[in-house]
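Student: Data: input_18.cif, mmCIF, N, CA, C and O atoms.
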```
data_work
#
loop_
_atom_site.group_PDB
_atom_site.id
_atom_site.type_symbol
_atom_site.label_atom_id
_atom_site.label_comp_id
_atom_site.auth_asym_id
_atom_site.auth_seq_id
_atom_site.Cartn_x
_atom_site.Cartn_y
_atom_site.Cartn_z
ATOM 1 N N MET A 1090 0.850 -1.187 0.000
ATOM 2 C CA MET A 1090 0.000 0.000 0.000
ATOM 3 C C MET A 1090 0.892 1.245 0.000
ATOM 4 O O MET A 1090 1.785 1.372 0.825
ATOM 5 N N THR A 1091 0.621 2.141 -0.906
ATOM 6 C CA THR A 1091 1.426 3.352 -1.012
ATOM 7 C C THR A 1091 0.759 4.493 -0.266
ATOM 8 O O THR A 1091 -0.408 4.801 -0.489
ATOM 9 N N ASN A 1092 1.506 5.092 0.633
ATOM 10 C CA ASN A 1092 1.050 6.269 1.377
ATOM 11 C C ASN A 1092 1.910 7.451 0.983
ATOM 12 O O ASN A 1092 3.056 7.291 0.577
ATOM 13 N N VAL A 1093 1.353 8.645 1.154
ATOM 14 C CA VAL A 1093 2.107 9.871 0.961
ATOM 15 C C VAL A 1093 2.193 10.566 2.315
ATOM 16 O O VAL A 1093 1.169 10.883 2.919
ATOM 17 N N VAL A 1094 3.410 10.760 2.802
ATOM 18 C CA VAL A 1094 3.644 11.425 4.081
ATOM 19 C C VAL A 1094 4.230 12.797 3.781
ATOM 20 O O VAL A 1094 5.264 12.906 3.126
ATOM 21 N N GLU A 1095 3.535 13.842 4.248
ATOM 22 C CA GLU A 1095 4.006 15.210 4.054
ATOM 23 C C GLU A 1095 4.210 15.854 5.416
ATOM 24 O O GLU A 1095 3.281 15.912 6.221
ATOM 25 N N LEU A 1096 5.429 16.334 5.654
ATOM 26 C CA LEU A 1096 5.766 16.908 6.949
ATOM 27 C C LEU A 1096 6.456 18.249 6.787
ATOM 28 O O LEU A 1096 7.200 18.471 5.824
ATOM 29 N N LYS A 1097 6.230 19.130 7.752
ATOM 30 C CA LYS A 1097 6.957 20.394 7.812
ATOM 31 C C LYS A 1097 8.152 20.181 8.738
ATOM 32 O O LYS A 1097 7.992 19.752 9.872
ATOM 33 N N VAL A 1098 9.351 20.462 8.210
ATOM 34 C CA VAL A 1098 10.593 20.225 8.946
ATOM 35 C C VAL A 1098 11.502 21.435 8.743
ATOM 36 O O VAL A 1098 11.574 21.973 7.642
ATOM 37 N N GLY A 1099 12.176 21.848 9.792
ATOM 38 C CA GLY A 1099 13.122 22.956 9.667
ATOM 39 C C GLY A 1099 14.317 22.566 8.816
ATOM 40 O O GLY A 1099 15.070 21.670 9.170
ATOM 41 N N LEU A 1100 14.462 23.217 7.675
ATOM 42 C CA LEU A 1100 15.571 22.959 6.760
ATOM 43 C C LEU A 1100 16.449 24.197 6.757
ATOM 44 O O LEU A 1100 16.325 25.070 5.915
ATOM 45 N N HIS A 1101 17.349 24.277 7.729
ATOM 46 C CA HIS A 1101 18.095 25.503 7.961
ATOM 47 C C HIS A 1101 19.366 25.636 7.139
ATOM 48 O O HIS A 1101 19.788 26.739 6.819
ATOM 49 N N CYS A 1102 20.008 24.516 6.803
ATOM 50 C CA CYS A 1102 21.294 24.596 6.095
ATOM 51 C C CYS A 1102 21.502 23.323 5.294
ATOM 52 O O CYS A 1102 20.751 22.359 5.422
ATOM 53 N N GLU A 1103 22.535 23.327 4.473
ATOM 54 C CA GLU A 1103 22.848 22.151 3.655
ATOM 55 C C GLU A 1103 23.112 20.915 4.508
ATOM 56 O O GLU A 1103 22.734 19.808 4.147
ATOM 57 N N GLU A 1104 23.756 21.098 5.653
ATOM 58 C CA GLU A 1104 24.064 19.959 6.527
ATOM 59 C C GLU A 1104 22.779 19.333 7.065
ATOM 60 O O GLU A 1104 22.662 18.103 7.140
ATOM 61 N N CYS A 1105 21.803 20.166 7.428
ATOM 62 C CA CYS A 1105 20.498 19.657 7.895
ATOM 63 C C CYS A 1105 19.834 18.828 6.796
ATOM 64 O O CYS A 1105 19.312 17.744 7.064
ATOM 65 N N ILE A 1106 19.867 19.351 5.600
ATOM 66 C CA ILE A 1106 19.232 18.661 4.474
ATOM 67 C C ILE A 1106 19.911 17.316 4.229
ATOM 68 O O ILE A 1106 19.240 16.305 4.036
ATOM 69 N N LYS A 1107 21.230 17.282 4.272
ATOM 70 C CA LYS A 1107 21.970 16.018 4.084
ATOM 71 C C LYS A 1107 21.598 15.006 5.158
ATOM 72 O O LYS A 1107 21.410 13.817 4.867
ATOM 73 N N MET A 1108 21.497 15.458 6.412
ATOM 74 C CA MET A 1108 21.126 14.557 7.514
ATOM 75 C C MET A 1108 19.720 14.008 7.312
ATOM 76 O O MET A 1108 19.460 12.824 7.547
ATOM 77 N N ILE A 1109 18.797 14.871 6.893
ATOM 78 C CA ILE A 1109 17.411 14.457 6.670
ATOM 79 C C ILE A 1109 17.336 13.431 5.544
ATOM 80 O O ILE A 1109 16.683 12.393 5.681
ATOM 81 N N LEU A 1110 18.016 13.703 4.438
ATOM 82 C CA LEU A 1110 18.012 12.756 3.318
ATOM 83 C C LEU A 1110 18.591 11.407 3.718
ATOM 84 O O LEU A 1110 18.046 10.358 3.363
ATOM 85 N N LYS A 1111 19.666 11.419 4.472
ATOM 86 C CA LYS A 1111 20.288 10.180 4.932
ATOM 87 C C LYS A 1111 19.323 9.389 5.814
ATOM 88 O O LYS A 1111 19.194 8.173 5.675
ATOM 89 N N ALA A 1112 18.626 10.083 6.722
ATOM 90 C CA ALA A 1112 17.671 9.412 7.610
ATOM 91 C C ALA A 1112 16.495 8.834 6.829
ATOM 92 O O ALA A 1112 16.055 7.709 7.092
ATOM 93 N N ILE A 1113 15.997 9.584 5.850
ATOM 94 C CA ILE A 1113 14.858 9.124 5.050
ATOM 95 C C ILE A 1113 15.235 7.891 4.235
ATOM 96 O O ILE A 1113 14.469 6.939 4.133
ATOM 97 N N LYS A 1114 16.430 7.898 3.662
ATOM 98 C CA LYS A 1114 16.862 6.783 2.821
ATOM 99 C C LYS A 1114 16.973 5.476 3.598
ATOM 100 O O LYS A 1114 16.907 4.401 3.008
ATOM 101 N N LYS A 1115 17.125 5.556 4.916
ATOM 102 C CA LYS A 1115 17.228 4.350 5.745
ATOM 103 C C LYS A 1115 15.879 3.705 6.032
ATOM 104 O O LYS A 1115 15.817 2.573 6.490
ATOM 105 N N ILE A 1116 14.788 4.426 5.789
ATOM 106 C CA ILE A 1116 13.448 3.896 6.050
ATOM 107 C C ILE A 1116 13.135 2.829 5.005
ATOM 108 O O ILE A 1116 13.311 3.048 3.807
ATOM 109 N N GLN A 1117 12.661 1.688 5.462
ATOM 110 C CA GLN A 1117 12.333 0.595 4.544
ATOM 111 C C GLN A 1117 11.049 0.904 3.785
ATOM 112 O O GLN A 1117 10.162 1.585 4.284
ATOM 113 N N ASP A 1118 10.969 0.384 2.577
ATOM 114 C CA ASP A 1118 9.766 0.433 1.735
ATOM 115 C C ASP A 1118 9.398 1.831 1.234
ATOM 116 O O ASP A 1118 8.231 2.083 0.927
ATOM 117 N N ILE A 1119 10.383 2.752 1.148
ATOM 118 C CA ILE A 1119 10.055 4.038 0.535
ATOM 119 C C ILE A 1119 10.189 3.898 -0.978
ATOM 120 O O ILE A 1119 10.989 3.107 -1.476
ATOM 121 N N GLU A 1120 9.379 4.632 -1.701
ATOM 122 C CA GLU A 1120 9.440 4.625 -3.161
ATOM 123 C C GLU A 1120 10.090 5.910 -3.664
ATOM 124 O O GLU A 1120 10.981 5.869 -4.501
ATOM 125 N N THR A 1121 9.609 7.049 -3.165
ATOM 126 C CA THR A 1121 10.184 8.332 -3.567
ATOM 127 C C THR A 1121 10.242 9.239 -2.350
ATOM 128 O O THR A 1121 9.543 9.035 -1.351
ATOM 129 N N TYR A 1122 11.071 10.266 -2.456
ATOM 130 C CA TYR A 1122 11.133 11.279 -1.410
ATOM 131 C C TYR A 1122 11.514 12.605 -2.047
ATOM 132 O O TYR A 1122 12.131 12.637 -3.117
ATOM 133 N N ASP A 1123 11.101 13.689 -1.405
ATOM 134 C CA ASP A 1123 11.410 15.018 -1.915
ATOM 135 C C ASP A 1123 11.583 15.960 -0.728
ATOM 136 O O ASP A 1123 10.848 15.868 0.254
ATOM 137 N N VAL A 1124 12.560 16.847 -0.827
ATOM 138 C CA VAL A 1124 12.779 17.871 0.190
ATOM 139 C C VAL A 1124 12.645 19.222 -0.504
ATOM 140 O O VAL A 1124 13.401 19.531 -1.422
ATOM 141 N N ASP A 1125 11.640 19.992 -0.094
ATOM 142 C CA ASP A 1125 11.396 21.320 -0.662
ATOM 143 C C ASP A 1125 11.918 22.364 0.318
ATOM 144 O O ASP A 1125 11.280 22.636 1.339
ATOM 145 N N THR A 1126 13.089 22.923 0.025
ATOM 146 C CA THR A 1126 13.711 23.872 0.951
ATOM 147 C C THR A 1126 12.953 25.188 1.022
ATOM 148 O O THR A 1126 12.984 25.865 2.042
ATOM 149 N N ARG A 1127 12.248 25.546 -0.030
ATOM 150 C CA ARG A 1127 11.486 26.798 -0.035
ATOM 151 C C ARG A 1127 10.310 26.738 0.942
ATOM 152 O O ARG A 1127 10.024 27.701 1.645
ATOM 153 N N LEU A 1128 9.658 25.575 0.990
ATOM 154 C CA LEU A 1128 8.491 25.406 1.855
ATOM 155 C C LEU A 1128 8.819 24.728 3.189
ATOM 156 O O LEU A 1128 7.929 24.584 4.024
ATOM 157 N N ASN A 1129 10.066 24.276 3.369
ATOM 158 C CA ASN A 1129 10.433 23.470 4.545
ATOM 159 C C ASN A 1129 9.544 22.231 4.635
ATOM 160 O O ASN A 1129 9.012 21.897 5.685
ATOM 161 N N LYS A 1130 9.406 21.563 3.503
ATOM 162 C CA LYS A 1130 8.493 20.423 3.405
ATOM 163 C C LYS A 1130 9.250 19.174 2.970
ATOM 164 O O LYS A 1130 10.053 19.209 2.047
ATOM 165 N N VAL A 1131 8.962 18.066 3.644
ATOM 166 C CA VAL A 1131 9.520 16.761 3.286
ATOM 167 C C VAL A 1131 8.353 15.870 2.878
ATOM 168 O O VAL A 1131 7.369 15.751 3.615
ATOM 169 N N THR A 1132 8.452 15.265 1.698
ATOM 170 C CA THR A 1132 7.418 14.364 1.202
ATOM 171 C C THR A 1132 8.044 12.999 0.958
ATOM 172 O O THR A 1132 9.065 12.898 0.273
ATOM 173 N N VAL A 1133 7.439 11.967 1.529
ATOM 174 C CA VAL A 1133 7.914 10.596 1.357
ATOM 175 C C VAL A 1133 6.731 9.754 0.899
ATOM 176 O O VAL A 1133 5.650 9.836 1.479
ATOM 177 N N THR A 1134 6.924 8.952 -0.140
ATOM 178 C CA THR A 1134 5.879 8.037 -0.580
ATOM 179 C C THR A 1134 6.391 6.607 -0.486
ATOM 180 O O THR A 1134 7.585 6.352 -0.623
ATOM 181 N N GLY A 1135 5.465 5.704 -0.244
ATOM 182 C CA GLY A 1135 5.802 4.283 -0.142
ATOM 183 C C GLY A 1135 4.962 3.621 0.925
ATOM 184 O O GLY A 1135 3.966 4.180 1.389
ATOM 185 N N ASN A 1136 5.387 2.459 1.324
ATOM 186 C CA ASN A 1136 4.684 1.723 2.367
ATOM 187 C C ASN A 1136 5.215 2.196 3.725
ATOM 188 O O ASN A 1136 5.885 1.458 4.447
ATOM 189 N N VAL A 1137 4.933 3.467 4.039
ATOM 190 C CA VAL A 1137 5.409 4.103 5.268
ATOM 191 C C VAL A 1137 4.271 4.867 5.930
ATOM 192 O O VAL A 1137 3.279 5.193 5.296
ATOM 193 N N THR A 1138 4.452 5.146 7.210
ATOM 194 C CA THR A 1138 3.474 5.934 7.954
ATOM 195 C C THR A 1138 4.113 7.246 8.412
ATOM 196 O O THR A 1138 5.337 7.368 8.434
ATOM 197 N N ASN A 1139 3.269 8.190 8.792
ATOM 198 C CA ASN A 1139 3.769 9.438 9.368
ATOM 199 C C ASN A 1139 4.683 9.138 10.547
ATOM 200 O O ASN A 1139 5.746 9.741 10.689
ATOM 201 N N ALA A 1140 4.256 8.201 11.391
ATOM 202 C CA ALA A 1140 5.023 7.875 12.601
ATOM 203 C C ALA A 1140 6.426 7.393 12.259
ATOM 204 O O ALA A 1140 7.390 7.761 12.936
ATOM 205 N N GLN A 1141 6.571 6.585 11.215
ATOM 206 C CA GLN A 1141 7.888 6.076 10.837
ATOM 207 C C GLN A 1141 8.816 7.214 10.400
ATOM 208 O O GLN A 1141 9.985 7.247 10.773
ATOM 209 N N VAL A 1142 8.289 8.129 9.604
ATOM 210 C CA VAL A 1142 9.115 9.233 9.100
ATOM 211 C C VAL A 1142 9.455 10.191 10.237
ATOM 212 O O VAL A 1142 10.604 10.616 10.390
ATOM 213 N N VAL A 1143 8.468 10.516 11.075
ATOM 214 C CA VAL A 1143 8.710 11.413 12.210
ATOM 215 C C VAL A 1143 9.751 10.800 13.141
ATOM 216 O O VAL A 1143 10.665 11.489 13.612
ATOM 217 N N LYS A 1144 9.654 9.499 13.394
ATOM 218 C CA LYS A 1144 10.610 8.824 14.282
ATOM 219 C C LYS A 1144 12.027 8.898 13.704
ATOM 220 O O LYS A 1144 12.981 9.171 14.428
ATOM 221 N N ALA A 1145 12.169 8.679 12.392
ATOM 222 C CA ALA A 1145 13.482 8.749 11.750
ATOM 223 C C ALA A 1145 14.069 10.151 11.868
ATOM 224 O O ALA A 1145 15.258 10.313 12.142
ATOM 225 N N LEU A 1146 13.230 11.165 11.697
ATOM 226 C CA LEU A 1146 13.705 12.550 11.804
ATOM 227 C C LEU A 1146 14.013 12.913 13.253
ATOM 228 O O LEU A 1146 14.966 13.637 13.528
ATOM 229 N N HIS A 1147 13.204 12.398 14.165
ATOM 230 C CA HIS A 1147 13.422 12.671 15.588
ATOM 231 C C HIS A 1147 14.770 12.106 16.048
ATOM 232 O O HIS A 1147 15.463 12.716 16.863
ATOM 233 N N LYS A 1148 15.157 10.950 15.513
ATOM 234 C CA LYS A 1148 16.434 10.324 15.878
ATOM 235 C C LYS A 1148 17.626 11.210 15.545
ATOM 236 O O LYS A 1148 18.667 11.109 16.185
ATOM 237 N N ILE A 1149 17.486 12.069 14.532
ATOM 238 C CA ILE A 1149 18.585 12.964 14.168
ATOM 239 C C ILE A 1149 18.382 14.362 14.748
ATOM 240 O O ILE A 1149 19.078 15.306 14.381
ATOM 241 N N GLY A 1150 17.391 14.488 15.654
ATOM 242 C CA GLY A 1150 17.187 15.752 16.350
ATOM 243 C C GLY A 1150 16.305 16.754 15.638
ATOM 244 O O GLY A 1150 16.280 17.927 16.002
ATOM 245 N N LYS A 1151 15.547 16.317 14.628
ATOM 246 C CA LYS A 1151 14.669 17.223 13.893
ATOM 247 C C LYS A 1151 13.230 17.045 14.365
ATOM 248 O O LYS A 1151 12.752 15.934 14.527
ATOM 249 N N GLN A 1152 12.554 18.151 14.565
ATOM 250 C CA GLN A 1152 11.130 18.120 14.882
ATOM 251 C C GLN A 1152 10.339 18.193 13.588
ATOM 252 O O GLN A 1152 10.742 18.871 12.644
ATOM 253 N N ALA A 1153 9.223 17.502 13.525
ATOM 254 C CA ALA A 1153 8.392 17.489 12.327
ATOM 255 C C ALA A 1153 6.936 17.667 12.713
ATOM 256 O O ALA A 1153 6.500 17.180 13.756
ATOM 257 N N THR A 1154 6.210 18.385 11.883
ATOM 258 C CA THR A 1154 4.772 18.553 12.082
ATOM 259 C C THR A 1154 4.050 18.083 10.834
ATOM 260 O O THR A 1154 4.592 18.154 9.727
ATOM 261 N N ASN A 1155 2.833 17.601 11.025
ATOM 262 C CA ASN A 1155 2.027 17.193 9.883
ATOM 263 C C ASN A 1155 1.791 18.402 8.994
ATOM 264 O O ASN A 1155 1.467 19.485 9.476
ATOM 265 N N TRP A 1156 1.939 18.246 7.708
ATOM 266 C CA TRP A 1156 1.832 19.352 6.778
ATOM 267 C C TRP A 1156 0.438 19.965 6.771
ATOM 268 O O TRP A 1156 0.288 21.172 6.899
ATOM 269 N N GLU A 1157 -0.616 19.170 6.685
ATOM 270 C CA GLU A 1157 -1.974 19.694 6.592
ATOM 271 C C GLU A 1157 -2.401 20.411 7.870
ATOM 272 O O GLU A 1157 -2.942 21.493 7.826
ATOM 273 N N GLN A 1158 -2.164 19.770 8.986
ATOM 274 C CA GLN A 1158 -2.699 20.263 10.237
ATOM 275 C C GLN A 1158 -1.796 21.277 10.931
ATOM 276 O O GLN A 1158 -2.265 22.111 11.675
ATOM 277 N N GLY A 1159 -0.493 21.170 10.703
ATOM 278 C CA GLY A 1159 0.442 22.060 11.369
ATOM 279 C C GLY A 1159 0.626 21.755 12.841
ATOM 280 O O GLY A 1159 1.247 22.513 13.563
ATOM 281 N N SER A 1160 0.089 20.636 13.303
ATOM 282 C CA SER A 1160 0.228 20.271 14.708
ATOM 283 C C SER A 1160 1.488 19.438 14.899
ATOM 284 O O SER A 1160 1.846 18.634 14.050
ATOM 285 N N THR A 1161 2.152 19.625 16.019
ATOM 286 C CA THR A 1161 3.386 18.890 16.288
ATOM 287 C C THR A 1161 3.077 17.435 16.601
ATOM 288 O O THR A 1161 2.176 17.135 17.368
ATOM 289 N N THR A 1162 3.812 16.558 15.976
ATOM 290 C CA THR A 1162 3.687 15.124 16.252
ATOM 291 C C THR A 1162 4.986 14.653 16.847
ATOM 292 O O THR A 1162 6.028 14.770 16.224
ATOM 293 N N SER A 1163 4.945 14.141 18.068
ATOM 294 C CA SER A 1163 6.156 13.679 18.728
ATOM 295 C C SER A 1163 6.043 12.208 19.052
ATOM 296 O O SER A 1163 4.978 11.722 19.400
ATOM 297 N N TYR A 1164 7.156 11.507 18.959
ATOM 298 C CA TYR A 1164 7.201 10.081 19.320
ATOM 299 C C TYR A 1164 8.434 9.821 20.105
ATOM 300 O O TYR A 1164 9.418 10.435 20.001
#
```
Let me see the structure of the file written as structure tokens.
Tutor:
Amino acid sequence: MTNVVELKVGLHCEECIKMILKAIKKIQDIETYDVDTRLNKVTVTGNVTNAQVVKALHKIGKQATNWEQGSTTSY
């Protein structure tokens, strides 16, 4: 089952973006991913959940909020 996970994440510098991409690539069953630095938006598609992506970002010290709702999701 393919899901689309859209999160708002602070993308402050090139190093942050590299860390985020590295963390996302480690998630199993992803099909595509995109980091939009203009919108501070991370989009991941595949057999993944919001919780999986948020947890991966949290491990590297990044906070993420659901894109639609703007509410903070912590795990």
Student: Can you list, as a CSV table (one decimal) with N, CA, C and O atoms, in the frame of the given file, every residue of range 1094-1140 of chain A that DSSP puts in helix (DSSP H, G or I)?
Tutor:
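Writing done, so here's result.csv:
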```
chain,number,residue,atom,x,y,z
A,1103,GLU,N,22.5,23.3,4.5
A,1103,GLU,CA,22.8,22.2,3.7
A,1103,GLU,C,23.1,20.9,4.5
A,1103,GLU,O,22.7,19.8,4.1
A,1104,GLU,N,23.8,21.1,5.7
A,1104,GLU,CA,24.1,20.0,6.5
A,1104,GLU,C,22.8,19.3,7.1
A,1104,GLU,O,22.7,18.1,7.1
A,1105,CYS,N,21.8,20.2,7.4
A,1105,CYS,CA,20.5,19.7,7.9
A,1105,CYS,C,19.8,18.8,6.8
A,1105,CYS,O,19.3,17.7,7.1
A,1106,ILE,N,19.9,19.4,5.6
A,1106,ILE,CA,19.2,18.7,4.5
A,1106,ILE,C,19.9,17.3,4.2
A,1106,ILE,O,19.2,16.3,4.0
A,1107,LYS,N,21.2,17.3,4.3
A,1107,LYS,CA,22.0,16.0,4.1
A,1107,LYS,C,21.6,15.0,5.2
A,1107,LYS,O,21.4,13.8,4.9
A,1108,MET,N,21.5,15.5,6.4
A,1108,MET,CA,21.1,14.6,7.5
A,1108,MET,C,19.7,14.0,7.3
A,1108,MET,O,19.5,12.8,7.5
A,1109,ILE,N,18.8,14.9,6.9
A,1109,ILE,CA,17.4,14.5,6.7
A,1109,ILE,C,17.3,13.4,5.5
A,1109,ILE,O,16.7,12.4,5.7
A,1110,LEU,N,18.0,13.7,4.4
A,1110,LEU,CA,18.0,12.8,3.3
A,1110,LEU,C,18.6,11.4,3.7
A,1110,LEU,O,18.0,10.4,3.4
A,1111,LYS,N,19.7,11.4,4.5
A,1111,LYS,CA,20.3,10.2,4.9
A,1111,LYS,C,19.3,9.4,5.8
A,1111,LYS,O,19.2,8.2,5.7
A,1112,ALA,N,18.6,10.1,6.7
A,1112,ALA,CA,17.7,9.4,7.6
A,1112,ALA,C,16.5,8.8,6.8
A,1112,ALA,O,16.1,7.7,7.1
A,1113,ILE,N,16.0,9.6,5.8
A,1113,ILE,CA,14.9,9.1,5.0
A,1113,ILE,C,15.2,7.9,4.2
A,1113,ILE,O,14.5,6.9,4.1
A,1114,LYS,N,16.4,7.9,3.7
A,1114,LYS,CA,16.9,6.8,2.8
A,1114,LYS,C,17.0,5.5,3.6
A,1114,LYS,O,16.9,4.4,3.0
A,1139,ASN,N,3.3,8.2,8.8
A,1139,ASN,CA,3.8,9.4,9.4
A,1139,ASN,C,4.7,9.1,10.5
A,1139,ASN,O,5.7,9.7,10.7
A,1140,ALA,N,4.3,8.2,11.4
A,1140,ALA,CA,5.0,7.9,12.6
A,1140,ALA,C,6.4,7.4,12.3
A,1140,ALA,O,7.4,7.8,12.9
```
Student: Need to verify the contact set: Ala1145 in chain A, 12 Å, only C-alpha atoms, exclusion of same-chain residues closer than 6 positions in sequence. Can you return it as a PyMOL selection string?
Tutor: chain A and resi 1108-1117+1133+1137-1139+1151-1153+1163-1164
Student: Using atom O of Thr1091 in chain A and CA of Glu1103 in chain A as the two end points, give the distance in Å to one decimal.
Tutor: 29.3 Å
Student: I'd like to know which of A:Thr1132, A:Thr1154, A:Lys1148, A:Glu1120 is closest to Lys1097 in chain A, using only N, CA, C and O atoms.
Tutor: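 The closest residue to Lys1097 in chain A is A:Thr1154.
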Student: In range 1097-1164 of chain A, what's strand (DSSP E or B) per DSSP? Answer as a PyMOL selection string?
Tutor: chain A and resi 1097-1098+1119-1125+1130-1135+1153-1155+1161
Student: In terms of the shortest atom-to-atom distance over only C-alpha atoms, which of A:Ile1149, A:His1101, A:Val1093, A:Lys1144 is closest to Tyr1122 in chain A?
Tutor: A:Val1093
